[in-house]
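*Asks:* Below is coords33.cif; it holds mmCIF, C-alpha atoms.
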data_protein
loop_
_atom_site.label_atom_id
_atom_site.label_comp_id
_atom_site.auth_asym_id
_atom_site.auth_seq_id
_atom_site.Cartn_x
_atom_site.Cartn_y
_atom_site.Cartn_z
CA MET Q 1 0.20 -16.37 -13.77
CA ASN Q 2 -3.60 -16.40 -13.62
CA GLY Q 3 -3.56 -15.77 -17.35
CA ILE Q 4 -1.70 -12.47 -17.03
CA SER Q 5 1.89 -11.24 -16.74
CA ILE Q 6 3.27 -9.99 -13.43
CA SER Q 7 6.54 -8.05 -13.37
CA TYR Q 8 8.55 -8.69 -10.22
CA GLU Q 9 12.00 -8.20 -8.69
CA ASP Q 10 13.72 -10.67 -6.39
CA ALA Q 11 16.64 -9.41 -4.29
CA GLY Q 12 18.56 -10.41 -1.19
CA THR Q 13 18.85 -13.64 0.74
CA GLY Q 14 17.20 -14.95 3.88
CA PRO Q 15 13.58 -15.26 5.04
CA VAL Q 16 11.28 -14.12 2.23
CA VAL Q 17 9.26 -10.90 2.40
CA VAL Q 18 6.71 -10.12 -0.33
CA MET Q 19 5.77 -6.43 -0.59
CA VAL Q 20 2.47 -5.21 -2.09
CA MET Q 21 2.10 -1.61 -3.25
CA GLY Q 22 -1.03 0.58 -3.24
CA THR Q 23 -3.29 2.07 -5.89
CA GLY Q 24 -1.58 3.51 -8.96
CA SER Q 25 1.97 2.88 -7.74
CA PRO Q 26 4.62 0.49 -9.08
CA GLY Q 27 6.52 -1.92 -6.88
CA ARG Q 28 9.73 0.06 -7.34
CA VAL Q 29 8.45 2.62 -4.82
CA TRP Q 30 9.53 0.16 -2.11
CA LYS Q 31 13.12 0.47 -3.39
CA ALA Q 32 13.42 4.03 -2.09
CA HIS Q 33 13.67 2.91 1.54
CA GLN Q 34 12.03 -0.35 2.62
CA GLN Q 35 13.56 -2.87 0.24
CA PRO Q 36 17.19 -1.87 0.93
CA ALA Q 37 16.62 -1.80 4.70
CA LEU Q 38 15.02 -5.24 4.70
CA ILE Q 39 17.83 -6.68 2.57
CA ARG Q 40 20.42 -5.23 4.96
CA ALA Q 41 18.47 -6.84 7.82
CA GLY Q 42 18.93 -10.25 6.19
CA HIS Q 43 15.75 -10.75 4.16
CA ARG Q 44 15.03 -11.82 0.61
CA VAL Q 45 12.60 -9.23 -0.73
CA ILE Q 46 10.10 -9.74 -3.56
CA THR Q 47 8.53 -6.59 -5.01
CA PHE Q 48 6.15 -6.54 -7.97
CA ASP Q 49 3.79 -4.43 -10.05
CA ASN Q 50 0.16 -5.26 -9.33
CA ARG Q 51 -2.11 -5.94 -12.28
CA GLY Q 52 -3.15 -2.55 -13.62
CA ILE Q 53 0.42 -1.24 -13.46
CA ALA Q 54 2.62 -1.74 -16.55
CA PRO Q 55 4.73 -3.68 -17.36
CA SER Q 56 2.41 -6.13 -15.55
CA SER Q 57 -0.85 -6.72 -17.44
CA GLU Q 58 -3.05 -3.65 -17.18
CA CYS Q 59 -6.34 -5.56 -17.54
CA ALA Q 60 -8.15 -2.39 -18.57
CA GLU Q 61 -11.42 -4.31 -18.89
CA GLY Q 62 -11.51 -4.44 -15.10
CA PHE Q 63 -10.78 -6.86 -12.28
CA THR Q 64 -11.62 -7.53 -8.66
CA LEU Q 65 -9.78 -7.40 -5.37
CA ASP Q 66 -9.99 -11.19 -5.33
CA ASP Q 67 -8.07 -11.21 -8.63
CA MET Q 68 -5.28 -9.15 -7.05
CA VAL Q 69 -5.19 -11.45 -4.02
CA ALA Q 70 -4.95 -14.44 -6.35
CA ASP Q 71 -2.11 -12.75 -8.25
CA THR Q 72 -0.10 -12.35 -5.05
CA ALA Q 73 -0.75 -15.97 -4.11
CA ALA Q 74 0.23 -17.13 -7.60
CA LEU Q 75 3.50 -15.18 -7.45
CA ILE Q 76 4.41 -16.80 -4.10
CA GLU Q 77 3.58 -20.23 -5.51
CA HIS Q 78 5.43 -19.54 -8.78
CA LEU Q 79 8.58 -18.72 -6.82
CA GLY Q 80 8.06 -21.69 -4.50
CA VAL Q 81 8.79 -19.64 -1.40
CA GLY Q 82 5.66 -19.89 0.76
CA PRO Q 83 4.79 -19.40 3.49
CA VAL Q 84 6.27 -15.89 3.58
CA ALA Q 85 6.06 -12.58 5.40
CA VAL Q 86 3.80 -10.20 3.49
CA ILE Q 87 3.83 -6.39 3.76
CA GLY Q 88 1.36 -4.06 2.05
CA THR Q 89 0.41 -0.41 2.09
CA SER Q 90 -2.99 1.17 1.38
CA LEU Q 91 -4.75 -1.02 -1.24
CA GLY Q 92 -1.74 -3.33 -0.94
CA ALA Q 93 -2.49 -3.74 2.76
CA ARG Q 94 -6.08 -4.64 1.93
CA ILE Q 95 -4.73 -7.29 -0.45
CA VAL Q 96 -2.49 -8.62 2.32
CA GLN Q 97 -5.44 -8.86 4.72
CA GLU Q 98 -7.50 -10.78 2.20
CA LEU Q 99 -4.55 -13.04 1.35
CA ALA Q 100 -4.13 -13.92 5.04
CA LEU Q 101 -7.79 -14.99 5.04
CA ALA Q 102 -7.95 -16.77 1.69
CA ARG Q 103 -4.52 -18.45 1.72
CA PRO Q 104 -3.26 -18.74 5.30
CA ASP Q 105 -0.96 -21.52 4.09
CA LEU Q 106 1.08 -18.91 2.23
CA VAL Q 107 1.36 -16.28 5.00
CA ARG Q 108 3.72 -16.65 7.97
CA CYS Q 109 3.07 -13.11 9.18
CA ALA Q 110 1.63 -9.89 7.80
CA ALA Q 111 2.23 -6.16 8.15
CA MET Q 112 -0.43 -3.71 7.00
CA ILE Q 113 0.60 -0.07 6.53
CA ALA Q 114 -1.94 2.79 6.24
CA THR Q 115 -4.69 0.23 5.91
CA TYR Q 116 -8.46 0.01 6.21
CA GLY Q 117 -11.22 -2.55 6.58
CA ARG Q 118 -14.01 -0.34 5.31
CA SER Q 119 -14.24 2.77 3.16
CA GLY Q 120 -15.27 5.96 4.92
CA THR Q 121 -17.44 8.61 3.29
CA MET Q 122 -14.48 10.84 2.39
CA GLN Q 123 -12.45 7.97 0.94
CA THR Q 124 -15.37 6.93 -1.26
CA ALA Q 125 -15.92 10.50 -2.48
CA ILE Q 126 -12.25 11.08 -3.35
CA SER Q 127 -12.01 7.80 -5.26
CA ALA Q 128 -15.18 8.60 -7.21
CA GLY Q 129 -13.80 12.02 -8.07
CA GLU Q 130 -10.51 10.56 -9.33
CA ARG Q 131 -12.39 8.14 -11.58
CA GLU Q 132 -14.58 10.93 -12.93
CA LEU Q 133 -11.56 13.04 -13.84
CA ILE Q 134 -10.25 10.16 -15.94
CA ASP Q 135 -13.64 9.36 -17.46
CA ARG Q 136 -14.15 13.00 -18.49
CA ASP Q 137 -10.59 13.16 -19.83
CA ILE Q 138 -9.78 16.01 -17.47
CA THR Q 139 -6.09 16.51 -16.81
CA LEU Q 140 -5.21 18.81 -13.93
CA PRO Q 141 -2.32 21.23 -14.41
CA ASP Q 142 0.79 19.38 -13.28
CA ALA Q 143 1.71 21.89 -10.57
CA TYR Q 144 -1.83 21.85 -9.15
CA HIS Q 145 -1.97 18.05 -9.24
CA ALA Q 146 1.31 17.95 -7.32
CA ALA Q 147 -0.03 20.37 -4.72
CA ILE Q 148 -3.26 18.42 -4.19
CA THR Q 149 -1.38 15.10 -4.02
CA ALA Q 150 1.03 16.52 -1.45
CA HIS Q 151 -1.81 17.97 0.62
CA LEU Q 152 -3.66 14.64 0.71
CA ASN Q 153 -0.68 12.39 1.31
CA LEU Q 154 1.95 14.27 3.32
CA SER Q 155 2.03 15.45 6.91
CA PRO Q 156 1.52 19.14 7.72
CA HIS Q 157 4.80 18.84 9.61
CA THR Q 158 6.50 18.13 6.29
CA LEU Q 159 4.66 20.77 4.29
CA VAL Q 160 5.22 23.59 6.80
CA ASP Q 161 8.89 23.51 5.80
CA ASP Q 162 9.02 25.39 2.49
CA ALA Q 163 12.20 23.67 1.32
CA GLN Q 164 10.80 20.19 2.01
CA ALA Q 165 7.47 21.13 0.44
CA ARG Q 166 9.23 22.35 -2.72
CA ASP Q 167 11.26 19.14 -2.95
CA TRP Q 168 8.14 17.00 -2.61
CA LEU Q 169 6.22 19.07 -5.17
CA ASP Q 170 9.09 18.64 -7.62
CA ILE Q 171 9.19 14.87 -7.04
CA ILE Q 172 5.43 14.47 -7.47
CA GLU Q 173 5.29 16.69 -10.54
CA PHE Q 174 8.24 14.84 -12.12
CA SER Q 175 6.51 11.49 -11.45
CA GLY Q 176 3.54 12.57 -13.55
CA GLN Q 177 -0.14 11.77 -13.27
CA ALA Q 178 -1.18 8.10 -13.21
CA ARG Q 179 -4.03 8.02 -15.74
CA SER Q 180 -3.61 4.73 -17.58
CA PRO Q 181 -6.54 2.35 -18.20
CA GLY Q 182 -4.99 -0.02 -15.68
CA VAL Q 183 -4.91 2.63 -12.96
CA ARG Q 184 -8.55 3.46 -13.80
CA ALA Q 185 -9.37 -0.22 -13.27
CA GLN Q 186 -7.61 -0.18 -9.88
CA LEU Q 187 -9.58 2.91 -8.84
CA GLN Q 188 -12.81 1.09 -9.68
CA LEU Q 189 -12.05 -1.36 -6.87
CA HIS Q 190 -12.85 1.39 -4.37
CA ASP Q 191 -16.44 1.67 -5.62
CA GLY Q 192 -18.76 0.03 -3.09
CA GLU Q 193 -16.07 -1.76 -1.10
CA ALA Q 194 -17.51 -4.04 1.55
CA ASP Q 195 -16.93 -3.65 5.27
CA ARG Q 196 -14.55 -6.54 6.00
CA LEU Q 197 -13.73 -5.88 9.64
CA GLU Q 198 -15.81 -8.76 10.98
CA ALA Q 199 -14.23 -11.14 8.48
CA TYR Q 200 -10.74 -10.14 9.61
CA ARG Q 201 -11.43 -11.63 13.01
CA ALA Q 202 -10.55 -14.95 11.37
CA VAL Q 203 -6.95 -13.92 10.60
CA ARG Q 204 -4.64 -16.09 12.72
CA CYS Q 205 -1.08 -15.23 11.70
CA PRO Q 206 1.07 -12.67 13.58
CA VAL Q 207 0.03 -9.17 12.42
CA LEU Q 208 1.49 -5.68 12.66
CA VAL Q 209 -0.69 -2.71 11.70
CA ILE Q 210 0.96 0.67 11.17
CA GLY Q 211 -1.11 3.85 11.05
CA PHE Q 212 0.13 7.35 10.23
CA ALA Q 213 -0.95 10.10 12.60
CA ASP Q 214 -1.46 12.75 9.90
CA ASP Q 215 -2.90 10.51 7.17
CA ARG Q 216 -5.72 12.37 5.39
CA THR Q 217 -6.24 9.72 2.71
CA LEU Q 218 -6.79 6.79 5.11
CA PRO Q 219 -6.92 8.28 8.62
CA PRO Q 220 -5.31 6.24 11.39
CA HIS Q 221 -8.61 5.32 13.03
CA LEU Q 222 -9.27 3.09 10.00
CA ALA Q 223 -5.98 1.26 10.53
CA ARG Q 224 -6.70 0.89 14.25
CA GLU Q 225 -10.06 -0.68 13.40
CA VAL Q 226 -8.23 -3.40 11.47
CA ALA Q 227 -5.86 -4.03 14.37
CA ASP Q 228 -8.79 -4.18 16.81
CA ALA Q 229 -10.53 -6.75 14.60
CA ILE Q 230 -7.54 -9.13 14.46
CA ASP Q 231 -6.99 -10.91 17.74
CA GLY Q 232 -3.46 -10.55 19.06
CA SER Q 233 -2.37 -8.02 16.43
CA GLU Q 234 0.03 -5.19 17.22
CA TYR Q 235 -0.81 -1.56 16.39
CA GLN Q 236 1.81 1.15 16.00
CA GLU Q 237 1.19 4.75 14.99
CA VAL Q 238 3.91 6.86 13.41
CA ALA Q 239 3.89 10.58 14.25
CA ARG Q 240 4.52 13.41 11.76
CA ALA Q 241 3.55 11.17 8.84
CA GLY Q 242 0.82 11.27 6.21
CA HIS Q 243 -0.32 8.57 3.79
CA TYR Q 244 3.18 8.47 2.33
CA GLY Q 245 4.58 7.91 5.82
CA TYR Q 246 6.82 5.07 4.67
CA LEU Q 247 8.58 7.72 2.53
CA GLU Q 248 8.31 10.60 5.02
CA GLN Q 249 9.43 8.67 8.09
CA PRO Q 250 11.26 5.69 6.58
CA ASP Q 251 13.63 5.09 9.49
CA GLU Q 252 10.78 4.64 11.96
CA VAL Q 253 8.70 2.53 9.57
CA ASN Q 254 11.71 0.35 8.76
CA ARG Q 255 12.49 -0.05 12.46
CA LEU Q 256 8.95 -1.22 13.17
CA LEU Q 257 8.95 -3.66 10.24
CA ILE Q 258 12.35 -5.16 10.99
CA ASP Q 259 11.56 -5.55 14.68
CA PHE Q 260 8.24 -7.23 13.88
CA LEU Q 261 9.75 -9.58 11.31
CA GLY Q 262 12.54 -10.50 13.71
CA ARG Q 263 9.97 -11.62 16.28
CA ALA Q 264 7.40 -13.13 13.92
CA LEU Q 265 9.90 -15.15 11.88
CA ALA Q 266 12.06 -16.30 14.77
#
Rewrite the structure of this file - the entire thing - as structure tokens.
*Replies:*
Amino acid sequence: MNGISISYEDAGTGPVVVMVMGTGSPGRVWKAHQQPALIRAGHRVITFDNRGIAPSSECAEGFTLDDMVADTAALIEHLGVGPVAVIGTSLGARIVQELALARPDLVRCAAMIATYGRSGTMQTAISAGERELIDRDITLPDAYHAAITAHLNLSPHTLVDDAQARDWLDIIEFSGQARSPGVRAQLQLHDGEADRLEAYRAVRCPVLVIGFADDRTLPPHLAREVADAIDGSEYQEVARAGHYGYLEQPDEVNRLLIDFLGRALA
């Protein structure tokens, strides 16, 4: 598709939901909680690895957000399932927003989790720092990388519990550090991102935006800005959840998604 390979998984039966993951993460992350819940709720769920994430084409030479939007559209067309419900988180949510604008014929409804329509000063600085670590071939000690990742992406309510914190640190450390050329190319997308809030006023499909109250990576005011820009959209904020809120508070996130899809696809 689009001259590259996209690795995807197709499971379940019923109305189709396409799920788009964020920077540096494979599509299988959805399988921890969201994919099984949506299948049980009667949906056919398509998950995939964005370009930049092996075994999809890494495209280390670089690519644009428009390329990633086109990949998602091409996958929907390849499977012959459009229009579909589309769910994304973080960068994946940004892709979903742009897909709803560029290819409204393919999108029945859209849910954006931990999303943004513009990059704040802190988000730009963190992304630049992550790219510089890779460019200088600096590898953080695994335990320290796990601690920083947990601090940026998990709620203080999770980390105050020493047993939960230890479990999360073990999971993150075991997962390793995403430092491939493809991940570096994804990180480059965050350099000089345009403010797209005004453009999102043209989105017409039913929309759910979910923010996480304790998100340090993409604070909830950025998600609320997206919801405010899209006429008729619904905004929900999940308490005691950081950027990984769909993993920290999966029951609440799944409830919101399933309820929204039930109404939007009825």
*Asks:* Which residue, Q:His43, Q:His243, Q:His190, Q:Arg196, has the smallest gap to Asp215 (chain Q) when you use all atoms listed in the file?
*Replies:*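 Distance minimum relative to Asp215 (chain Q) lands on Q:His243.
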*Asks:* Could you state which residues are captured by the PyMOL selection byres ((chain Q and resi 103) around 12) in this file, as a ChimeraX atom specification?
*Replies:* /Q:66,69-74,76-77,82-84,86,95-102,104-109,202-205
*Asks:* Report as a ChimeraX atom specification the residues that result from applying the PyMOL selection byres ((chain Q and resi 259-263) around 10) to the structure here.
*Replies:* /Q:15,17,38,41-43,85-86,108-111,206-208,234,253-258,264-266
*Asks:* For a test of reading the model, state the distance in Å between CA of Val209 (chain Q) and CA of Ser233 (chain Q), rounded to one decimal.
*Replies:*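 For CA of Val209 (chain Q) relative to CA of Ser233 (chain Q), the distance reads 7.3 Å.
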*Asks:* Could you check which of Q:Ala227, Q:Ile53, Q:Leu79, Q:Ala146 is closest to Asp10 (chain Q), using all atoms listed in the file?
*Replies:*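 Looking only at the distances to Asp10 (chain Q), the closest residue turns out to be Q:Leu79.
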*Asks:* Rank Q:Met68, Q:Ile138, Q:Val183, Q:Leu169 by their smallest atom-to-atom distance to Thr23 (chain Q), using only C-alpha atoms, and report the top residue only.
*Replies:*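 Looking at the shortest contact to Thr23 (chain Q), the residue is Q:Val183.
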